[in-house]
Amino acid sequence: MSIVSYILIAIVVLVIIFAKKTIVIIPQSETRIIERLGKYYATLQPGFNIIIPFIDRAKDIVAVRNGRYVYTNVIDLREQVYDFDRQNVITKDNIQMQINALLYFQIMDPFKAVYEINNLPNAIEKLTQTTLRNIIGEMELDQTLTSRDTINTKLRSVLDDATNKWGIKVNRVELQDITPPESVLQAMEKQMQAERNKRATILTSEGEKQAAILQSEGEKTSRINRAEADRQQAILIADGQAEAKMRVAEAEAVAIQKITDAVGQSTNPANYLIAQKYIQMMEELAKNGNQKTVYLPYEATGIMGSIGGIKEMFKGE
């Protein structure tokens, strides 16, 4: 090969290298900051871009890759997640615990993210840690464990205001884990157990109370029902006795009427009935073998007169 061929090959290689340095293709959701002779020149947009090699240079920025800080000239405009290491915080009631936080943010202004802060990830991490310590320091342990949403909201608001100068938008902050000391965990477990025992005792006593109330109500209802049944029974017995007496009286009236019809109007039917009762009594006295002496009342003469009247009545008939 001649010298001319070598020169042509060298020219082609230089053209290819120049073209590669000149043409910059930016993927979607990414950008680069271009400096010309050390001064800001342009922010490249996604797609095809042309720069001047060796005069224009992409500005490097600190980013996090696999948990480590690295320098890169590619600025990612998508939402990013920073998982910060555990840090020690102290609550208002002097309880020390560890908190692990997740931060979701997005670069809104690449110019500010490059020129307003030297190490953006480190600045966000330190700001998150200090802000979190301040917020937790104003809350007691129980409130801290039950107010994650409140802590997340306060932390996001403070970080969003502070990082606005850096062209950052903090979308949300999540407390991934809150770990109190082992002694506090044991005390909390005992407290929870005592609270469960308390609730169990209360529920048991409430159940016994309700059971006693229901039992007394049942006994009351049972007594009322028995009293009502006795009353109804007494009423029915009284009604039966009254009806029986009325039937007996009606029968006696019918008998008297028949006797009156039989003996006629001239003779008093009462004498007949009295005599009949007297005769029945005498029969009962005669059947009683233990009775040795029989005393007749003074009115017996009247009864005997009645018997005589019956005799006269039959003679008349």
# chains A, B, ... in the order shown; residues from 1 in each chain; ligands from 1
>>> select_by_dssp(residues="range 22-105 of chain A", states="strand (DSSP E or B)", output="number ranges by chain")
A: 23-26, 30-36, 39-44, 47-50, 56-58, 61-65, 68-72, 75-76, 80-83, 87-90, 96-105
>>> residues_around(residues="range 178-182 of chain A", least_positions_apart="6", cutoff="6 Å", atoms="only C-alpha atoms", output="MDAnalysis selection string")
chainID A and resid 97:99
>>> write_last_selection(atoms="all heavy atoms", output="PDB file, in the first residue's frame")
ATOM      1  N   MET A  97     -34.152   4.848  68.390  1.00  0.00           N
ATOM      2  CA  MET A  97     -34.548   3.768  67.498  1.00  0.00           C
ATOM      3  C   MET A  97     -33.966   4.014  66.117  1.00  0.00           C
ATOM      4  O   MET A  97     -33.435   5.089  65.826  1.00  0.00           O
ATOM      5  CB  MET A  97     -36.076   3.655  67.431  1.00  0.00           C
ATOM      6  CG  MET A  97     -36.774   4.898  66.970  1.00  0.00           C
ATOM      7  SD  MET A  97     -38.566   4.703  67.061  1.00  0.00           S
ATOM      8  CE  MET A  97     -39.117   6.310  66.473  1.00  0.00           C
ATOM      9  N   GLN A  98     -34.079   3.018  65.256  1.00  0.00           N
ATOM     10  CA  GLN A  98     -33.532   3.084  63.910  1.00  0.00           C
ATOM     11  C   GLN A  98     -34.664   3.153  62.895  1.00  0.00           C
ATOM     12  O   GLN A  98     -35.669   2.447  63.026  1.00  0.00           O
ATOM     13  CB  GLN A  98     -32.646   1.860  63.627  1.00  0.00           C
ATOM     14  CG  GLN A  98     -31.375   1.823  64.452  1.00  0.00           C
ATOM     15  CD  GLN A  98     -30.499   0.637  64.085  1.00  0.00           C
ATOM     16  OE1 GLN A  98     -30.967  -0.335  63.501  1.00  0.00           O
ATOM     17  NE2 GLN A  98     -29.223   0.708  64.430  1.00  0.00           N
ATOM     18  N   ILE A  99     -34.445   4.000  61.875  1.00  0.00           N
ATOM     19  CA  ILE A  99     -35.453   4.203  60.839  1.00  0.00           C
ATOM     20  C   ILE A  99     -34.791   4.088  59.476  1.00  0.00           C
ATOM     21  O   ILE A  99     -33.716   4.636  59.246  1.00  0.00           O
ATOM     22  CB  ILE A  99     -36.149   5.571  60.987  1.00  0.00           C
ATOM     23  CG1 ILE A  99     -36.991   5.613  62.264  1.00  0.00           C
ATOM     24  CG2 ILE A  99     -37.045   5.856  59.787  1.00  0.00           C
ATOM     25  CD1 ILE A  99     -37.731   6.901  62.449  1.00  0.00           C
TER      26      ILE A  99
END
>>> residues_around(residues="Tyr69 in chain A", least_positions_apart="2", cutoff="12 Å", atoms="only C-alpha atoms", output="PyMOL selection string")
chain A and resi 61-67+71-72+82+119-123+125
>>> write_last_selection(atoms="N, CA, C and O atoms", output="CSV table (one decimal), in the first residue's frame")
chain,number,residue,atom,x,y,z
A,61,ILE,N,-22.4,14.6,36.4
A,61,ILE,CA,-23.2,14.8,37.6
A,61,ILE,C,-23.1,13.5,38.4
A,61,ILE,O,-22.8,12.4,37.9
A,62,VAL,N,-23.2,13.6,39.7
A,62,VAL,CA,-23.1,12.5,40.6
A,62,VAL,C,-24.5,11.8,40.7
A,62,VAL,O,-25.6,12.4,40.8
A,63,ALA,N,-24.5,10.5,40.5
A,63,ALA,CA,-25.7,9.7,40.6
A,63,ALA,C,-25.4,8.4,41.4
A,63,ALA,O,-24.2,8.1,41.7
A,64,VAL,N,-26.5,7.7,41.7
A,64,VAL,CA,-26.4,6.5,42.5
A,64,VAL,C,-26.6,5.3,41.6
A,64,VAL,O,-27.6,5.2,40.9
A,65,ARG,N,-25.6,4.4,41.6
A,65,ARG,CA,-25.7,3.2,40.8
A,65,ARG,C,-25.4,2.0,41.7
A,65,ARG,O,-24.3,1.9,42.2
A,66,ASN,N,-26.4,1.1,41.9
A,66,ASN,CA,-26.2,-0.1,42.8
A,66,ASN,C,-25.7,0.3,44.2
A,66,ASN,O,-24.8,-0.4,44.8
A,67,GLY,N,-26.3,1.4,44.7
A,67,GLY,CA,-25.9,1.8,46.1
A,67,GLY,C,-24.7,2.6,46.2
A,67,GLY,O,-24.2,2.9,47.3
A,71,TYR,N,-19.9,9.1,38.9
A,71,TYR,CA,-20.0,10.3,38.0
A,71,TYR,C,-20.5,9.8,36.6
A,71,TYR,O,-19.9,8.9,36.0
A,72,THR,N,-21.5,10.5,36.1
A,72,THR,CA,-22.0,10.2,34.8
A,72,THR,C,-22.5,11.5,34.1
A,72,THR,O,-22.9,12.5,34.8
A,82,TYR,N,-34.4,6.4,46.2
A,82,TYR,CA,-33.2,6.3,47.0
A,82,TYR,C,-33.6,5.5,48.3
A,82,TYR,O,-34.5,6.0,49.0
A,119,ASN,N,-23.2,17.6,45.0
A,119,ASN,CA,-23.5,16.2,45.1
A,119,ASN,C,-24.9,16.0,45.4
A,119,ASN,O,-25.3,16.0,46.6
A,120,LEU,N,-25.8,15.9,44.4
A,120,LEU,CA,-27.2,15.9,44.6
A,120,LEU,C,-27.7,14.7,45.4
A,120,LEU,O,-28.4,14.9,46.4
A,121,PRO,N,-27.3,13.4,45.2
A,121,PRO,CA,-27.8,12.3,46.0
A,121,PRO,C,-27.3,12.5,47.5
A,121,PRO,O,-28.1,12.2,48.4
A,122,ASN,N,-26.1,12.9,47.7
A,122,ASN,CA,-25.6,13.0,49.1
A,122,ASN,C,-26.4,14.1,49.8
A,122,ASN,O,-26.7,14.0,51.0
A,123,ALA,N,-26.6,15.2,49.1
A,123,ALA,CA,-27.4,16.3,49.7
A,123,ALA,C,-28.8,15.9,50.0
A,123,ALA,O,-29.3,16.3,51.1
A,125,GLU,N,-29.8,12.9,50.7
A,125,GLU,CA,-29.7,11.9,51.8
A,125,GLU,C,-29.5,12.7,53.2
A,125,GLU,O,-30.2,12.4,54.1
>>> atom_distance(atom1="CA of Leu103 in chain A", atom2="CA of Arg133 in chain A")
15.3 Å
>>> closest_residue(among="A:Ile224, A:Ile124, A:Leu44, A:Ile3", to="Tyr104 in chain A", atoms="only C-alpha atoms")
A:Ile124
>>> residues_around(residues="Thr131 in chain A", least_positions_apart="5", cutoff="9 Å", atoms="only C-alpha atoms", output="list in words")
Lys126, Ile136, Leu155, Val158 and Leu159 of chain A
>>> write_last_selection(atoms="C-alpha atoms", output="short mmCIF file (atom, residue, chain, number, x, y, z; two decimals), in the first residue's frame")
data_model
loop_
_atom_site.label_atom_id
_atom_site.label_comp_id
_atom_site.auth_asym_id
_atom_site.auth_seq_id
_atom_site.Cartn_x
_atom_site.Cartn_y
_atom_site.Cartn_z
CA LYS A 126 -28.31 14.31 54.45
CA ILE A 136 -39.21 12.33 65.14
CA LEU A 155 -41.08 14.93 55.55
CA VAL A 158 -40.07 19.92 54.01
CA LEU A 159 -37.93 18.13 51.42
#
>>> select_by_dssp(residues="range 153-262 of chain A", states="alpha helix (DSSP H)", output="tab-separated table (two decimals) with N, CA and C atoms, in the first residue's frame")
chain	number	residue	atom	x	y	z
A	153	THR	N	-45.93	12.73	55.32
A	153	THR	CA	-46.44	13.98	54.76
A	153	THR	C	-45.55	15.17	55.16
A	154	LYS	N	-45.21	15.24	56.45
A	154	LYS	CA	-44.35	16.33	56.90
A	154	LYS	C	-42.97	16.28	56.23
A	155	LEU	N	-42.41	15.09	56.15
A	155	LEU	CA	-41.08	14.93	55.55
A	155	LEU	C	-41.11	15.30	54.08
A	156	ARG	N	-42.10	14.88	53.37
A	156	ARG	CA	-42.20	15.22	51.94
A	156	ARG	C	-42.35	16.72	51.73
A	157	SER	N	-43.17	17.37	52.57
A	157	SER	CA	-43.37	18.81	52.44
A	157	SER	C	-42.08	19.58	52.66
A	158	VAL	N	-41.32	19.22	53.72
A	158	VAL	CA	-40.07	19.92	54.01
A	158	VAL	C	-39.05	19.68	52.91
A	159	LEU	N	-38.90	18.44	52.46
A	159	LEU	CA	-37.93	18.13	51.42
A	159	LEU	C	-38.29	18.76	50.09
A	160	ASP	N	-39.57	18.81	49.80
A	160	ASP	CA	-40.00	19.41	48.52
A	160	ASP	C	-39.67	20.90	48.49
A	161	ASP	N	-39.88	21.59	49.61
A	161	ASP	CA	-39.55	23.02	49.67
A	161	ASP	C	-38.03	23.24	49.61
A	162	ALA	N	-37.28	22.38	50.31
A	162	ALA	CA	-35.82	22.58	50.37
A	162	ALA	C	-35.15	22.23	49.05
A	163	THR	N	-35.65	21.24	48.33
A	163	THR	CA	-35.01	20.80	47.09
A	163	THR	C	-35.53	21.53	45.86
A	182	GLU	N	-34.44	-3.37	71.72
A	182	GLU	CA	-34.97	-4.65	72.16
A	182	GLU	C	-35.71	-4.52	73.49
A	183	SER	N	-35.17	-3.71	74.40
A	183	SER	CA	-35.84	-3.53	75.70
A	183	SER	C	-37.21	-2.87	75.53
A	184	VAL	N	-37.28	-1.92	74.60
A	184	VAL	CA	-38.56	-1.26	74.34
A	184	VAL	C	-39.54	-2.24	73.71
A	185	LEU	N	-39.05	-3.09	72.82
A	185	LEU	CA	-39.91	-4.08	72.19
A	185	LEU	C	-40.48	-5.05	73.23
A	186	GLN	N	-39.63	-5.47	74.17
A	186	GLN	CA	-40.11	-6.36	75.22
A	186	GLN	C	-41.15	-5.67	76.10
A	187	ALA	N	-40.88	-4.39	76.44
A	187	ALA	CA	-41.85	-3.65	77.26
A	187	ALA	C	-43.17	-3.46	76.51
A	188	MET	N	-43.08	-3.18	75.21
A	188	MET	CA	-44.30	-3.03	74.41
A	188	MET	C	-45.07	-4.34	74.33
A	189	GLU	N	-44.34	-5.44	74.21
A	189	GLU	CA	-45.01	-6.74	74.16
A	189	GLU	C	-45.74	-7.03	75.47
A	190	LYS	N	-45.08	-6.73	76.61
A	190	LYS	CA	-45.74	-6.93	77.90
A	190	LYS	C	-46.95	-6.02	78.04
A	191	GLN	N	-46.80	-4.78	77.57
A	191	GLN	CA	-47.93	-3.85	77.64
A	191	GLN	C	-49.10	-4.34	76.79
A	192	MET	N	-48.79	-4.83	75.59
A	192	MET	CA	-49.85	-5.36	74.74
A	192	MET	C	-50.51	-6.57	75.37
A	193	GLN	N	-49.69	-7.44	76.01
A	193	GLN	CA	-50.27	-8.61	76.66
A	193	GLN	C	-51.17	-8.20	77.83
A	194	ALA	N	-50.71	-7.21	78.60
A	194	ALA	CA	-51.53	-6.72	79.71
A	194	ALA	C	-52.83	-6.09	79.19
A	195	GLU	N	-52.73	-5.39	78.08
A	195	GLU	CA	-53.93	-4.78	77.51
A	195	GLU	C	-54.89	-5.85	77.02
A	196	ARG	N	-54.35	-6.91	76.40
A	196	ARG	CA	-55.22	-8.01	75.97
A	196	ARG	C	-55.89	-8.68	77.16
A	197	ASN	N	-55.11	-8.91	78.23
A	197	ASN	CA	-55.70	-9.53	79.43
A	197	ASN	C	-56.78	-8.63	80.02
A	198	LYS	N	-56.52	-7.33	80.00
A	198	LYS	CA	-57.52	-6.39	80.52
A	198	LYS	C	-58.81	-6.46	79.70
A	199	ARG	N	-58.66	-6.45	78.37
A	199	ARG	CA	-59.85	-6.53	77.52
A	199	ARG	C	-60.58	-7.85	77.72
A	200	ALA	N	-59.78	-8.94	77.90
A	200	ALA	CA	-60.42	-10.24	78.13
A	200	ALA	C	-61.20	-10.25	79.44
A	201	THR	N	-60.62	-9.64	80.49
A	201	THR	CA	-61.31	-9.58	81.78
A	201	THR	C	-62.58	-8.75	81.68
A	202	ILE	N	-62.47	-7.64	80.98
A	202	ILE	CA	-63.65	-6.77	80.80
A	202	ILE	C	-64.74	-7.50	80.04
A	203	LEU	N	-64.34	-8.18	78.98
A	203	LEU	CA	-65.34	-8.91	78.19
A	203	LEU	C	-65.97	-10.04	78.99
A	204	THR	N	-65.14	-10.71	79.82
A	204	THR	CA	-65.69	-11.78	80.65
A	204	THR	C	-66.70	-11.24	81.66
A	205	SER	N	-66.32	-10.13	82.33
A	205	SER	CA	-67.24	-9.54	83.31
A	205	SER	C	-68.50	-9.02	82.63
A	206	GLU	N	-68.35	-8.43	81.44
A	206	GLU	CA	-69.53	-7.97	80.72
A	206	GLU	C	-70.43	-9.15	80.35
A	207	GLY	N	-69.79	-10.26	79.94
A	207	GLY	CA	-70.59	-11.44	79.61
A	207	GLY	C	-71.32	-11.99	80.82
A	208	GLU	N	-70.62	-12.05	81.98
A	208	GLU	CA	-71.28	-12.52	83.20
A	208	GLU	C	-72.41	-11.58	83.60
A	209	LYS	N	-72.16	-10.28	83.46
A	209	LYS	CA	-73.21	-9.31	83.79
A	209	LYS	C	-74.44	-9.51	82.92
A	210	GLN	N	-74.22	-9.64	81.61
A	210	GLN	CA	-75.34	-9.85	80.71
A	210	GLN	C	-76.05	-11.16	81.00
A	211	ALA	N	-75.26	-12.20	81.34
A	211	ALA	CA	-75.87	-13.48	81.67
A	211	ALA	C	-76.74	-13.37	82.92
A	212	ALA	N	-76.21	-12.65	83.95
A	212	ALA	CA	-77.00	-12.47	85.18
A	212	ALA	C	-78.28	-11.68	84.90
A	213	ILE	N	-78.15	-10.65	84.07
A	213	ILE	CA	-79.34	-9.84	83.73
A	213	ILE	C	-80.37	-10.70	83.00
A	214	LEU	N	-79.88	-11.48	82.03
A	214	LEU	CA	-80.80	-12.32	81.28
A	214	LEU	C	-81.44	-13.38	82.17
A	215	GLN	N	-80.64	-13.94	83.08
A	215	GLN	CA	-81.18	-14.94	84.00
A	215	GLN	C	-82.25	-14.34	84.91
A	216	SER	N	-81.96	-13.14	85.45
A	216	SER	CA	-82.95	-12.49	86.31
A	216	SER	C	-84.20	-12.13	85.52
A	217	GLU	N	-83.99	-11.66	84.28
A	217	GLU	CA	-85.16	-11.35	83.46
A	217	GLU	C	-85.97	-12.61	83.18
A	218	GLY	N	-85.25	-13.73	82.95
A	218	GLY	CA	-85.96	-14.99	82.73
A	218	GLY	C	-86.74	-15.43	83.96
A	219	GLU	N	-86.10	-15.32	85.15
A	219	GLU	CA	-86.81	-15.69	86.37
A	219	GLU	C	-88.01	-14.78	86.61
A	220	LYS	N	-87.82	-13.49	86.33
A	220	LYS	CA	-88.93	-12.55	86.51
A	220	LYS	C	-90.10	-12.93	85.60
A	221	THR	N	-89.77	-13.18	84.34
A	221	THR	CA	-90.82	-13.56	83.40
A	221	THR	C	-91.49	-14.86	83.81
A	222	SER	N	-90.65	-15.82	84.29
A	222	SER	CA	-91.21	-17.11	84.73
A	222	SER	C	-92.17	-16.92	85.91
A	223	ARG	N	-91.75	-16.09	86.89
A	223	ARG	CA	-92.63	-15.84	88.05
A	223	ARG	C	-93.92	-15.15	87.62
A	224	ILE	N	-93.78	-14.19	86.72
A	224	ILE	CA	-94.98	-13.48	86.24
A	224	ILE	C	-95.92	-14.45	85.54
A	225	ASN	N	-95.32	-15.33	84.72
A	225	ASN	CA	-96.15	-16.30	84.01
A	225	ASN	C	-96.83	-17.27	84.98
A	226	ARG	N	-96.05	-17.72	86.01
A	226	ARG	CA	-96.67	-18.63	87.00
A	226	ARG	C	-97.78	-17.92	87.76
A	227	ALA	N	-97.53	-16.66	88.16
A	227	ALA	CA	-98.57	-15.91	88.88
A	227	ALA	C	-99.80	-15.72	88.01
A	228	GLU	N	-99.55	-15.43	86.72
A	228	GLU	CA	-100.67	-15.25	85.80
A	228	GLU	C	-101.44	-16.56	85.63
A	229	ALA	N	-100.67	-17.67	85.57
A	229	ALA	CA	-101.33	-18.98	85.45
A	229	ALA	C	-102.15	-19.29	86.70
A	230	ASP	N	-101.58	-19.02	87.90
A	230	ASP	CA	-102.33	-19.25	89.14
A	230	ASP	C	-103.59	-18.39	89.19
A	231	ARG	N	-103.42	-17.13	88.75
A	231	ARG	CA	-104.60	-16.25	88.76
A	231	ARG	C	-105.68	-16.76	87.82
A	232	GLN	N	-105.26	-17.17	86.63
A	232	GLN	CA	-106.24	-17.71	85.69
A	232	GLN	C	-106.88	-18.99	86.22
A	233	GLN	N	-106.05	-19.82	86.90
A	233	GLN	CA	-106.59	-21.05	87.48
A	233	GLN	C	-107.61	-20.75	88.58
A	234	ALA	N	-107.24	-19.77	89.47
A	234	ALA	CA	-108.16	-19.40	90.54
A	234	ALA	C	-109.47	-18.84	89.98
A	235	ILE	N	-109.31	-18.03	88.90
A	235	ILE	CA	-110.51	-17.45	88.29
A	235	ILE	C	-111.39	-18.57	87.70
A	236	LEU	N	-110.74	-19.50	87.03
A	236	LEU	CA	-111.51	-20.59	86.42
A	236	LEU	C	-112.17	-21.46	87.49
A	237	ILE	N	-111.42	-21.74	88.61
A	237	ILE	CA	-112.01	-22.53	89.70
A	237	ILE	C	-113.19	-21.80	90.32
A	238	ALA	N	-113.01	-20.49	90.58
A	238	ALA	CA	-114.10	-19.71	91.16
A	238	ALA	C	-115.30	-19.66	90.23
A	239	ASP	N	-114.97	-19.47	88.90
A	239	ASP	CA	-116.09	-19.46	87.95
A	239	ASP	C	-116.80	-20.81	87.93
A	240	GLY	N	-115.98	-21.91	88.03
A	240	GLY	CA	-116.61	-23.24	88.05
A	240	GLY	C	-117.47	-23.45	89.28
A	241	GLN	N	-116.93	-23.05	90.45
A	241	GLN	CA	-117.70	-23.19	91.68
A	241	GLN	C	-118.97	-22.36	91.64
A	242	ALA	N	-118.82	-21.13	91.13
A	242	ALA	CA	-120.01	-20.27	91.06
A	242	ALA	C	-121.06	-20.86	90.14
A	243	GLU	N	-120.54	-21.37	88.99
A	243	GLU	CA	-121.49	-21.97	88.05
A	243	GLU	C	-122.14	-23.22	88.65
A	244	ALA	N	-121.31	-24.01	89.41
A	244	ALA	CA	-121.88	-25.20	90.05
A	244	ALA	C	-122.96	-24.83	91.07
A	245	LYS	N	-122.65	-23.79	91.88
A	245	LYS	CA	-123.65	-23.36	92.86
A	245	LYS	C	-124.92	-22.85	92.17
A	246	MET	N	-124.70	-22.14	91.05
A	246	MET	CA	-125.88	-21.65	90.33
A	246	MET	C	-126.68	-22.82	89.79
A	247	ARG	N	-125.95	-23.85	89.30
A	247	ARG	CA	-126.67	-25.01	88.80
A	247	ARG	C	-127.45	-25.70	89.94
A	248	VAL	N	-126.77	-25.82	91.13
A	248	VAL	CA	-127.45	-26.45	92.28
A	248	VAL	C	-128.68	-25.63	92.70
A	249	ALA	N	-128.45	-24.29	92.72
A	249	ALA	CA	-129.58	-23.43	93.12
A	249	ALA	C	-130.73	-23.55	92.12
A	250	GLU	N	-130.33	-23.57	90.81
A	250	GLU	CA	-131.37	-23.71	89.80
A	250	GLU	C	-132.10	-25.06	89.94
A	251	ALA	N	-131.29	-26.10	90.26
A	251	ALA	CA	-131.92	-27.42	90.44
A	251	ALA	C	-132.85	-27.42	91.65
A	252	GLU	N	-132.38	-26.80	92.75
A	252	GLU	CA	-133.24	-26.72	93.93
A	252	GLU	C	-134.51	-25.92	93.65
A	253	ALA	N	-134.33	-24.85	92.87
A	253	ALA	CA	-135.52	-24.04	92.53
A	253	ALA	C	-136.52	-24.86	91.73
A	254	VAL	N	-135.94	-25.61	90.76
A	254	VAL	CA	-136.84	-26.45	89.95
A	254	VAL	C	-137.53	-27.49	90.84
A	255	ALA	N	-136.72	-28.06	91.81
A	255	ALA	CA	-137.30	-29.06	92.71
A	255	ALA	C	-138.41	-28.46	93.57
A	256	ILE	N	-138.12	-27.26	94.10
A	256	ILE	CA	-139.14	-26.60	94.93
A	256	ILE	C	-140.41	-26.33	94.13
A	257	GLN	N	-140.17	-25.91	92.86
A	257	GLN	CA	-141.32	-25.62	92.02
A	257	GLN	C	-142.14	-26.88	91.75
A	258	LYS	N	-141.43	-27.98	91.55
A	258	LYS	CA	-142.14	-29.23	91.31
A	258	LYS	C	-142.88	-29.69	92.56
A	259	ILE	N	-142.20	-29.50	93.73
A	259	ILE	CA	-142.87	-29.87	94.99
A	259	ILE	C	-144.11	-29.01	95.19
A	260	THR	N	-143.97	-27.72	94.90
A	260	THR	CA	-145.12	-26.82	95.05
A	260	THR	C	-146.25	-27.25	94.16
A	261	ASP	N	-145.86	-27.63	92.90
A	261	ASP	CA	-146.91	-28.08	91.98
A	261	ASP	C	-147.55	-29.38	92.48
A	262	ALA	N	-146.73	-30.20	93.18
A	262	ALA	CA	-147.24	-31.49	93.63
A	262	ALA	C	-148.14	-31.35	94.85
>>> atom_distance(atom1="CA of Pro46 in chain A", atom2="CA of Thr22 in chain A")
15.4 Å
>>> atom_distance(atom1="CA of Arg68 in chain A", atom2="CA of Asn164 in chain A")
24.1 Å
>>> residues_around(residues="range 112-118 of chain A", least_positions_apart="5", cutoff="9 Å", atoms="only C-alpha atoms", output="number ranges by chain")
A: 33, 59-62, 107, 123, 165-168
>>> residues_around(residues="Gln28 in chain A", least_positions_apart="3", cutoff="10 Å", atoms="only C-alpha atoms", output="number ranges by chain")
A: 25, 31, 45-47, 76-78
